[in-house]
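Trainee: Take a look at this one; I'll ask things after.
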Amino acid sequence: MKKFKDKKTLPKVEEAPLIIDIEFIETEDDHSIANIDTYEEIETTKSINPIHLPKSLATPKGRARIVTVINQKGGVGKTTTVINIAAQLALRGFNILVIDSDSQGNCATGLGVDKSKVKETTRDLILNPETAISARHATAVEKLHIIVGDKNLIGLEQEMLRQLGRERRLLEALNPLLPHYDIIFIDTPPSLGLVTINALVASDGLLIPVQTEYFALEGLALLSGTIREVRNLLNPNLGVDGVLLTMHSSTMLNQQVANEILDNFPELIVKTPIRRNIKLAEAPSHGIPIHLYDPSSTGGQDYQEITTVLARRWGLI
Ligand SMILES: Nc1ncnc2c1ncn2[C@@H]1O[C@H](COP(=O)(O)OP(=O)(O)O)[C@@H](O)[C@H]1O
Ligand SMILES: [Mg+2]
């Protein structure tokens, strides 16, 4: 495994492993997490500009908190987090609404809702705010409602470009629902497009699931820039409720990345990591959250603990 530590010794592009930054170096066989050299290199990510994530404010009295689960990276556990935290809160007696703004529509599947039978979706909600009441559906969990996302969301951003106030459509649409829920969760697609911006503009707080793998901090730097822009231009109160560690294992690589995230965001991190657990991946195929499928699994335990931490931050308990 060759390493390239300074500019002068850089090989030709086609021979080189992917280099993200002169100080942030990846070598091709970085999956060999037993190689201690790799850790020294990851260590260097710390010296790059610290990433700033603003802390969120308390929920205004008498209305739902709007919480967006976001990370522009796919497959980091956003949807799993939405489904299981939302379900766990509903099982504890809170009124919860999930809004799926991802065209994959996995929230519906994971909560036992048949997308093919749903008439109004998140697309309708954004284009036509009057549908807010009628677009909601019951789920496999009592007190947990959903507005379904589906393939009709593809192309929505193009259509929205023609609309006035296009960044605030979701915020306006959610307004009549606010008195009826404790928390409204928005699940987002793996992109920072207009639909995701709508979610950021509507939000009181963000949950950022981060997989404790190599490029975790890189992704957070990009996200923090978007949050800053939205705060400057559209939603000055936007802040972060929690950074969650997902798909965590006890390898040294996972531990090291977890520690770096802890160092960067000591106040925002939720210290209980969500362990990698096959039960979390199985539950959606049964249309139920982990707490109905296998509550005593490690995934079930982790999401229960995290829900308790967040419920305190949100002033629910
Ligand atoms: N802690 C975990 N352990 C094992 N599998 C997980 C875990 N969290 C999520 N998964 C699985 O990983 C895949 C991606 O998760 P998902 O929540 O859909 O990510 P995202 O919404 O960020 O794309 C899914 O198949 C999901 O079931
Ligand atoms: Mg998802």
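By convention here, the chains of the structure tokens are called A, B, ... in the order presented, each chain's residues are numbered starting at 1, and ligands are numbered starting at 1 in the order presented.
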Produce as a list in words the set of residues near ligand 2, where near means within 9 Å with only C-alpha atoms and all ligand atoms considered.
Mentor: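 Listed by chain and ascending number, the contacts are Gly74, Gly75, Val76, Gly77, Lys78, Thr79, Thr80, Val82, Asp100, Asp102, Gln104, Gly105, Asn106, Cys107, Asp187, Thr188, Pro189 and Pro190 of chain A.
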Trainee: Show me, as a ChimeraX atom specification, the residues that have an atom within 7 Å of range 152-158 of chain A when counting only C-alpha atoms, minus same-chain residues fewer than 6 positions from it.
Mentor: /A:103,123,194-195
Trainee: Which polymer residues have any atom within 8 Å of an atom of Arg168 in chain A, counting only C-alpha atoms, with same-chain residues fewer than 2 positions away left out, as a PDB file with N, CA and C atoms, in the first residue's frame?
Mentor:
ATOM      1  N   GLY A 165     -42.176  31.398  -4.335  1.00  0.00           N
ATOM      2  CA  GLY A 165     -41.971  30.919  -2.965  1.00  0.00           C
ATOM      3  C   GLY A 165     -41.656  29.434  -2.924  1.00  0.00           C
ATOM      4  N   ARG A 166     -40.874  28.982  -3.899  1.00  0.00           N
ATOM      5  CA  ARG A 166     -40.688  27.534  -4.052  1.00  0.00           C
ATOM      6  C   ARG A 166     -39.939  26.878  -2.897  1.00  0.00           C
ATOM      7  N   LEU A 170     -43.337  23.540   1.507  1.00  0.00           N
ATOM      8  CA  LEU A 170     -43.584  22.522   2.523  1.00  0.00           C
ATOM      9  C   LEU A 170     -43.925  23.167   3.871  1.00  0.00           C
ATOM     10  N   LEU A 171     -43.180  24.208   4.214  1.00  0.00           N
ATOM     11  CA  LEU A 171     -43.452  24.934   5.459  1.00  0.00           C
ATOM     12  C   LEU A 171     -44.909  25.400   5.500  1.00  0.00           C
ATOM     13  N   GLU A 172     -45.361  25.989   4.407  1.00  0.00           N
ATOM     14  CA  GLU A 172     -46.742  26.480   4.359  1.00  0.00           C
ATOM     15  C   GLU A 172     -47.743  25.343   4.427  1.00  0.00           C
ATOM     16  N   ASN A 198     -36.641  22.611   0.909  1.00  0.00           N
ATOM     17  CA  ASN A 198     -37.955  22.833   1.508  1.00  0.00           C
ATOM     18  C   ASN A 198     -38.029  22.237   2.914  1.00  0.00           C
ATOM     19  N   VAL A 201     -36.032  24.459   5.268  1.00  0.00           N
ATOM     20  CA  VAL A 201     -36.721  25.718   5.557  1.00  0.00           C
ATOM     21  C   VAL A 201     -37.854  25.483   6.565  1.00  0.00           C
ATOM     22  N   ALA A 202     -38.486  24.325   6.479  1.00  0.00           N
ATOM     23  CA  ALA A 202     -39.606  24.029   7.381  1.00  0.00           C
ATOM     24  C   ALA A 202     -39.140  23.608   8.778  1.00  0.00           C
TER      25      ALA A 202
END
Trainee: How many Å lie between CA of Thr246 in chain A and CA of Val230 in chain A, rounded to one decimal?
Mentor: 25.5 Å
Trainee: Please report, as CSV, each residue of range 34-146 of chain A lying at most 9 Å from range 210-229 of chain A, together with the nearest pair of atoms and the separation in Å rounded to one decimal; use only C-alpha atoms, and order rows by chain and ascending residue number.
Mentor:
residue,atom,partner,partner_atom,distance
A:Ile42,CA,A:Tyr214,CA,7.5
A:Thr45,CA,A:Leu217,CA,7.7
A:Pro50,CA,A:Ala221,CA,8.6
A:Ile51,CA,A:Ala221,CA,5.7
A:His52,CA,A:Ser224,CA,6.5
A:Leu53,CA,A:Ser224,CA,5.9
A:Pro54,CA,A:Arg228,CA,8.5
A:Ile70,CA,A:Leu223,CA,8.7
A:Asn71,CA,A:Leu223,CA,7.1
A:Gln72,CA,A:Leu223,CA,7.3
A:Lys73,CA,A:Gly219,CA,7.2
A:Gly75,CA,A:Gln211,CA,8.8
A:Val76,CA,A:Gln211,CA,5.5
A:Gly77,CA,A:Gln211,CA,7.8
A:Lys78,CA,A:Val210,CA,8.9
Trainee: Now that the selection is made, can you save its residues with N, CA, C and O atoms as a tab-separated table (two decimals), in the first residue's frame?
Mentor:
chain	number	residue	atom	x	y	z
A	42	ILE	N	-6.43	8.85	8.80
A	42	ILE	CA	-7.76	9.37	9.14
A	42	ILE	C	-7.62	10.49	10.16
A	42	ILE	O	-8.26	11.51	10.08
A	45	THR	N	-7.77	14.16	9.21
A	45	THR	CA	-8.99	14.89	8.90
A	45	THR	C	-9.29	15.92	9.99
A	45	THR	O	-9.94	16.91	9.76
A	50	PRO	N	-12.33	23.08	11.20
A	50	PRO	CA	-13.38	22.45	11.98
A	50	PRO	C	-14.74	22.72	11.35
A	50	PRO	O	-14.97	23.79	10.78
A	51	ILE	N	-15.63	21.74	11.40
A	51	ILE	CA	-16.96	21.90	10.80
A	51	ILE	C	-17.87	22.50	11.85
A	51	ILE	O	-17.89	22.03	12.99
A	52	HIS	N	-18.61	23.52	11.45
A	52	HIS	CA	-19.53	24.12	12.42
A	52	HIS	C	-20.96	23.71	12.13
A	52	HIS	O	-21.45	23.87	11.02
A	53	LEU	N	-21.62	23.16	13.13
A	53	LEU	CA	-23.04	22.87	13.02
A	53	LEU	C	-23.75	23.63	14.13
A	53	LEU	O	-23.43	23.44	15.31
A	54	PRO	N	-24.71	24.50	13.79
A	54	PRO	CA	-25.39	25.28	14.84
A	54	PRO	C	-26.35	24.41	15.63
A	54	PRO	O	-26.93	23.47	15.11
A	70	ILE	N	-31.51	14.09	7.83
A	70	ILE	CA	-30.81	14.49	6.61
A	70	ILE	C	-29.36	14.03	6.59
A	70	ILE	O	-28.67	14.00	7.62
A	71	ASN	N	-28.93	13.63	5.42
A	71	ASN	CA	-27.53	13.42	5.08
A	71	ASN	C	-27.55	13.15	3.58
A	71	ASN	O	-28.28	12.27	3.14
A	72	GLN	N	-26.81	13.94	2.81
A	72	GLN	CA	-26.92	13.81	1.36
A	72	GLN	C	-26.35	12.49	0.86
A	72	GLN	O	-26.46	12.16	-0.31
A	73	LYS	N	-25.73	11.74	1.77
A	73	LYS	CA	-25.22	10.43	1.40
A	73	LYS	C	-26.36	9.41	1.51
A	73	LYS	O	-27.15	9.46	2.45
A	75	GLY	N	-27.97	5.53	1.99
A	75	GLY	CA	-27.65	4.30	2.71
A	75	GLY	C	-26.98	4.49	4.05
A	75	GLY	O	-26.28	3.60	4.53
A	76	VAL	N	-27.17	5.64	4.69
A	76	VAL	CA	-26.54	5.86	6.00
A	76	VAL	C	-27.49	5.59	7.16
A	76	VAL	O	-27.11	5.71	8.33
A	77	GLY	N	-28.74	5.25	6.84
A	77	GLY	CA	-29.69	4.94	7.89
A	77	GLY	C	-30.71	6.04	8.17
A	77	GLY	O	-31.35	6.05	9.23
A	78	LYS	N	-30.93	6.94	7.23
A	78	LYS	CA	-31.93	8.00	7.43
A	78	LYS	C	-33.33	7.41	7.61
A	78	LYS	O	-34.01	7.69	8.59
Trainee: Tell me, in Å to one decimal, how far CA of Val270 in chain A is from atom 25 (O, counted along the ligand's line) of ligand 1.
Mentor: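 Here the two named atoms are 21.9 Å from each other.
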Trainee: So, with only C-alpha atoms as the atoms that count, which of A:Arg63, A:Asn277, A:Val148, A:Glu159 lies closest to Leu127 in chain A?
Mentor: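 Using only C-alpha atoms, Leu127 in chain A sits closest to A:Glu159.
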Trainee: Of the candidates A:Asn128, A:Thr81, A:Ser56, A:Ser250, which one gets nearest to ligand 1 if we count only C-alpha atoms and all ligand atoms?
Mentor: A:Thr81
Trainee: As a ChimeraX atom specification, please: all residues of range 154-208 of chain A that backbone DSSP puts in helix (DSSP H, G or I).
Mentor: /A:156-160,169-180,194-202
Trainee: When you look at Thr109 in chain A with a cut-off of 12 Å (counting only C-alpha atoms), what residues show up, excluding the ones that are within fewer than 5 positions of it in the same chain? I need them as a PyMOL selection string.
Mentor: chain A and resi 79-80+83+100+104+114-116+118+139-140+146+148-150+282-289
Trainee: Out of range 115-278 of chain A, which residues get strand (DSSP E) from DSSP, as a ChimeraX atom specification?
Mentor: /A:137-138,144-147,183-187,205-211,239-246
Trainee: Grab the CA of Asn95 in chain A to CA of Leu144 in chain A distance for me, in Å with one decimal place.
Mentor: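 Here the two named atoms are 6.3 Å from each other.
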Trainee: Counting only C-alpha atoms and all ligand atoms, which of A:Thr308, A:Thr251, A:Asn49, A:Ser297 gets nearest to ligand 1?
Mentor: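 Checking each of A:Thr308, A:Thr251, A:Asn49, A:Ser297 against ligand 1, counting only C-alpha atoms and all ligand atoms, the winner is A:Ser297.
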Trainee: Do a neighbour search on Trp314 in chain A at 9 Å with only C-alpha atoms, toss out local chain neighbours closer than 2 positions, and write the hits as a PDB file with N, CA, C and O atoms, in the first residue's frame.
Mentor:
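Printed below is around-v2.pdb as written:
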ATOM      1  N   ALA A  58     -35.387  25.571  21.166  1.00  0.00           N
ATOM      2  CA  ALA A  58     -36.542  24.821  21.676  1.00  0.00           C
ATOM      3  C   ALA A  58     -37.754  25.009  20.755  1.00  0.00           C
ATOM      4  O   ALA A  58     -37.836  25.998  20.010  1.00  0.00           O
ATOM      5  N   THR A  59     -38.690  24.073  20.806  1.00  0.00           N
ATOM      6  CA  THR A  59     -39.909  24.172  19.999  1.00  0.00           C
ATOM      7  C   THR A  59     -40.815  25.259  20.570  1.00  0.00           C
ATOM      8  O   THR A  59     -41.039  25.298  21.777  1.00  0.00           O
ATOM      9  N   ARG A  65     -42.901  20.000  16.757  1.00  0.00           N
ATOM     10  CA  ARG A  65     -41.536  20.292  16.303  1.00  0.00           C
ATOM     11  C   ARG A  65     -41.353  19.603  14.959  1.00  0.00           C
ATOM     12  O   ARG A  65     -41.740  18.451  14.792  1.00  0.00           O
ATOM     13  N   ILE A 183     -44.352  15.651  17.170  1.00  0.00           N
ATOM     14  CA  ILE A 183     -43.201  15.765  16.272  1.00  0.00           C
ATOM     15  C   ILE A 183     -43.645  15.419  14.849  1.00  0.00           C
ATOM     16  O   ILE A 183     -44.394  14.464  14.642  1.00  0.00           O
ATOM     17  N   ASP A 241     -30.429  19.028  16.066  1.00  0.00           N
ATOM     18  CA  ASP A 241     -30.882  18.383  17.304  1.00  0.00           C
ATOM     19  C   ASP A 241     -29.944  17.255  17.721  1.00  0.00           C
ATOM     20  O   ASP A 241     -29.814  16.956  18.900  1.00  0.00           O
ATOM     21  N   VAL A 309     -33.005   9.834  24.697  1.00  0.00           N
ATOM     22  CA  VAL A 309     -32.104  10.998  24.702  1.00  0.00           C
ATOM     23  C   VAL A 309     -32.742  12.153  23.934  1.00  0.00           C
ATOM     24  O   VAL A 309     -32.778  13.307  24.394  1.00  0.00           O
ATOM     25  N   LEU A 310     -33.292  11.831  22.743  1.00  0.00           N
ATOM     26  CA  LEU A 310     -33.862  12.894  21.903  1.00  0.00           C
ATOM     27  C   LEU A 310     -35.147  13.450  22.502  1.00  0.00           C
ATOM     28  O   LEU A 310     -35.393  14.657  22.447  1.00  0.00           O
ATOM     29  N   ALA A 311     -35.966  12.576  23.080  1.00  0.00           N
ATOM     30  CA  ALA A 311     -37.220  13.047  23.685  1.00  0.00           C
ATOM     31  C   ALA A 311     -36.917  14.087  24.759  1.00  0.00           C
ATOM     32  O   ALA A 311     -37.638  15.072  24.913  1.00  0.00           O
ATOM     33  N   ARG A 312     -35.801  13.896  25.479  1.00  0.00           N
ATOM     34  CA  ARG A 312     -35.387  14.899  26.478  1.00  0.00           C
ATOM     35  C   ARG A 312     -34.978  16.196  25.793  1.00  0.00           C
ATOM     36  O   ARG A 312     -35.402  17.278  26.191  1.00  0.00           O
ATOM     37  N   LEU A 316     -39.967  16.600  25.408  1.00  0.00           N
ATOM     38  CA  LEU A 316     -41.173  15.748  25.478  1.00  0.00           C
ATOM     39  C   LEU A 316     -41.259  15.037  26.820  1.00  0.00           C
ATOM     40  O   LEU A 316     -42.344  14.661  27.251  1.00  0.00           O
ATOM     41  N   ILE A 317     -40.116  14.792  27.447  1.00  0.00           N
ATOM     42  CA  ILE A 317     -40.106  14.129  28.763  1.00  0.00           C
ATOM     43  C   ILE A 317     -39.210  14.902  29.721  1.00  0.00           C
ATOM     44  O   ILE A 317     -38.431  15.742  29.306  1.00  0.00           O
TER      45      ILE A 317
END
Trainee: Could you tell me which of A:Leu125, A:Ala258, A:Gly110, A:Asp263 comes closest to ligand 1 if we count only C-alpha atoms and all ligand atoms?
Mentor: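 Under the stated criterion, the closest residue is A:Gly110.
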Trainee: Using only C-alpha atoms, determine which residues lie at most 8 Å from Tyr303 in chain A, disregarding the query and same-chain residues fewer than 2 positions distant; provide the list as a PDB file with all heavy atoms, in the first residue's frame.
Mentor:
ATOM      1  N   THR A  81     -33.862   5.381  10.639  1.00  0.00           N
ATOM      2  CA  THR A  81     -33.938   6.257  11.814  1.00  0.00           C
ATOM      3  C   THR A  81     -35.316   6.906  11.925  1.00  0.00           C
ATOM      4  O   THR A  81     -35.913   6.934  13.006  1.00  0.00           O
ATOM      5  CB  THR A  81     -32.810   7.318  11.731  1.00  0.00           C
ATOM      6  OG1 THR A  81     -31.551   6.631  11.818  1.00  0.00           O
ATOM      7  CG2 THR A  81     -32.919   8.355  12.828  1.00  0.00           C
ATOM      8  N   ASN A  84     -37.983   4.204  12.946  1.00  0.00           N
ATOM      9  CA  ASN A  84     -37.896   3.620  14.286  1.00  0.00           C
ATOM     10  C   ASN A  84     -37.996   4.637  15.415  1.00  0.00           C
ATOM     11  O   ASN A  84     -38.574   4.329  16.458  1.00  0.00           O
ATOM     12  CB  ASN A  84     -36.643   2.743  14.387  1.00  0.00           C
ATOM     13  CG  ASN A  84     -36.801   1.511  13.508  1.00  0.00           C
ATOM     14  OD1 ASN A  84     -37.790   0.786  13.619  1.00  0.00           O
ATOM     15  ND2 ASN A  84     -35.868   1.305  12.599  1.00  0.00           N
ATOM     16  N   ILE A  85     -37.481   5.836  15.216  1.00  0.00           N
ATOM     17  CA  ILE A  85     -37.665   6.852  16.263  1.00  0.00           C
ATOM     18  C   ILE A  85     -39.126   7.306  16.279  1.00  0.00           C
ATOM     19  O   ILE A  85     -39.732   7.455  17.343  1.00  0.00           O
ATOM     20  CB  ILE A  85     -36.693   8.028  16.091  1.00  0.00           C
ATOM     21  CG1 ILE A  85     -35.254   7.532  16.274  1.00  0.00           C
ATOM     22  CG2 ILE A  85     -36.998   9.134  17.104  1.00  0.00           C
ATOM     23  CD1 ILE A  85     -34.188   8.598  16.129  1.00  0.00           C
ATOM     24  N   GLN A  88     -41.168   4.531  17.882  1.00  0.00           N
ATOM     25  CA  GLN A  88     -40.901   4.428  19.316  1.00  0.00           C
ATOM     26  C   GLN A  88     -41.598   5.558  20.074  1.00  0.00           C
ATOM     27  O   GLN A  88     -42.187   5.335  21.137  1.00  0.00           O
ATOM     28  CB  GLN A  88     -39.384   4.441  19.550  1.00  0.00           C
ATOM     29  CG  GLN A  88     -38.926   4.361  20.982  1.00  0.00           C
ATOM     30  CD  GLN A  88     -39.411   3.107  21.721  1.00  0.00           C
ATOM     31  OE1 GLN A  88     -39.675   3.141  22.916  1.00  0.00           O
ATOM     32  NE2 GLN A  88     -39.562   2.001  21.018  1.00  0.00           N
ATOM     33  N   ILE A 274     -25.846   3.460  16.994  1.00  0.00           N
ATOM     34  CA  ILE A 274     -26.770   2.429  16.522  1.00  0.00           C
ATOM     35  C   ILE A 274     -25.916   1.330  15.904  1.00  0.00           C
ATOM     36  O   ILE A 274     -25.248   1.556  14.887  1.00  0.00           O
ATOM     37  CB  ILE A 274     -27.760   3.003  15.481  1.00  0.00           C
ATOM     38  CG1 ILE A 274     -28.547   4.149  16.105  1.00  0.00           C
ATOM     39  CG2 ILE A 274     -28.695   1.901  14.969  1.00  0.00           C
ATOM     40  CD1 ILE A 274     -28.902   5.247  15.139  1.00  0.00           C
ATOM     41  N   GLY A 299     -30.504  -3.583  17.737  1.00  0.00           N
ATOM     42  CA  GLY A 299     -31.085  -2.433  17.033  1.00  0.00           C
ATOM     43  C   GLY A 299     -32.270  -1.858  17.792  1.00  0.00           C
ATOM     44  O   GLY A 299     -32.411  -0.632  17.913  1.00  0.00           O
ATOM     45  N   GLY A 300     -33.108  -2.736  18.306  1.00  0.00           N
ATOM     46  CA  GLY A 300     -34.266  -2.301  19.099  1.00  0.00           C
ATOM     47  C   GLY A 300     -33.828  -1.535  20.337  1.00  0.00           C
ATOM     48  O   GLY A 300     -34.357  -0.464  20.654  1.00  0.00           O
ATOM     49  N   GLN A 301     -32.828  -2.078  21.022  1.00  0.00           N
ATOM     50  CA  GLN A 301     -32.332  -1.415  22.245  1.00  0.00           C
ATOM     51  C   GLN A 301     -31.729  -0.050  21.933  1.00  0.00           C
ATOM     52  O   GLN A 301     -31.993   0.937  22.616  1.00  0.00           O
ATOM     53  CB  GLN A 301     -31.247  -2.277  22.900  1.00  0.00           C
ATOM     54  CG  GLN A 301     -31.754  -3.559  23.513  1.00  0.00           C
ATOM     55  CD  GLN A 301     -30.571  -4.470  23.886  1.00  0.00           C
ATOM     56  OE1 GLN A 301     -29.466  -4.008  24.148  1.00  0.00           O
ATOM     57  NE2 GLN A 301     -30.818  -5.770  23.901  1.00  0.00           N
ATOM     58  N   GLU A 305     -32.949   3.662  23.310  1.00  0.00           N
ATOM     59  CA  GLU A 305     -32.103   4.549  24.102  1.00  0.00           C
ATOM     60  C   GLU A 305     -31.984   5.928  23.437  1.00  0.00           C
ATOM     61  O   GLU A 305     -32.088   6.975  24.095  1.00  0.00           O
ATOM     62  CB  GLU A 305     -30.716   3.921  24.225  1.00  0.00           C
ATOM     63  CG  GLU A 305     -30.228   3.871  25.660  1.00  0.00           C
ATOM     64  CD  GLU A 305     -28.923   3.125  25.739  1.00  0.00           C
ATOM     65  OE1 GLU A 305     -28.967   1.875  25.616  1.00  0.00           O
ATOM     66  OE2 GLU A 305     -27.886   3.782  25.913  1.00  0.00           O
ATOM     67  N   ILE A 306     -31.791   5.904  22.127  1.00  0.00           N
ATOM     68  CA  ILE A 306     -31.642   7.166  21.389  1.00  0.00           C
ATOM     69  C   ILE A 306     -32.924   7.988  21.448  1.00  0.00           C
ATOM     70  O   ILE A 306     -32.893   9.210  21.597  1.00  0.00           O
ATOM     71  CB  ILE A 306     -31.239   6.849  19.938  1.00  0.00           C
ATOM     72  CG1 ILE A 306     -29.757   6.499  19.931  1.00  0.00           C
ATOM     73  CG2 ILE A 306     -31.512   8.006  18.995  1.00  0.00           C
ATOM     74  CD1 ILE A 306     -29.314   5.815  18.698  1.00  0.00           C
ATOM     75  N   THR A 307     -34.044   7.299  21.353  1.00  0.00           N
ATOM     76  CA  THR A 307     -35.328   8.004  21.429  1.00  0.00           C
ATOM     77  C   THR A 307     -35.461   8.713  22.775  1.00  0.00           C
ATOM     78  O   THR A 307     -35.937   9.852  22.846  1.00  0.00           O
ATOM     79  CB  THR A 307     -36.498   7.027  21.208  1.00  0.00           C
ATOM     80  OG1 THR A 307     -36.310   6.371  19.950  1.00  0.00           O
ATOM     81  CG2 THR A 307     -37.833   7.749  21.201  1.00  0.00           C
TER      82      THR A 307
END
Trainee: Of the residues A:Leu233, A:Val67, A:Leu292, A:Met247, which is the one nearest to Pro273 in chain A, using only C-alpha atoms?
Mentor: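 Of A:Leu233, A:Val67, A:Leu292, A:Met247, the one nearest Pro273 in chain A is A:Met247, counting only C-alpha atoms.
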Trainee: From the list A:Ile126, A:Ala138, A:Ile66, A:Ala199, which residue is nearest Arg169 in chain A when using only C-alpha atoms?
Mentor: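 Using only C-alpha atoms, Arg169 in chain A sits closest to A:Ile126.
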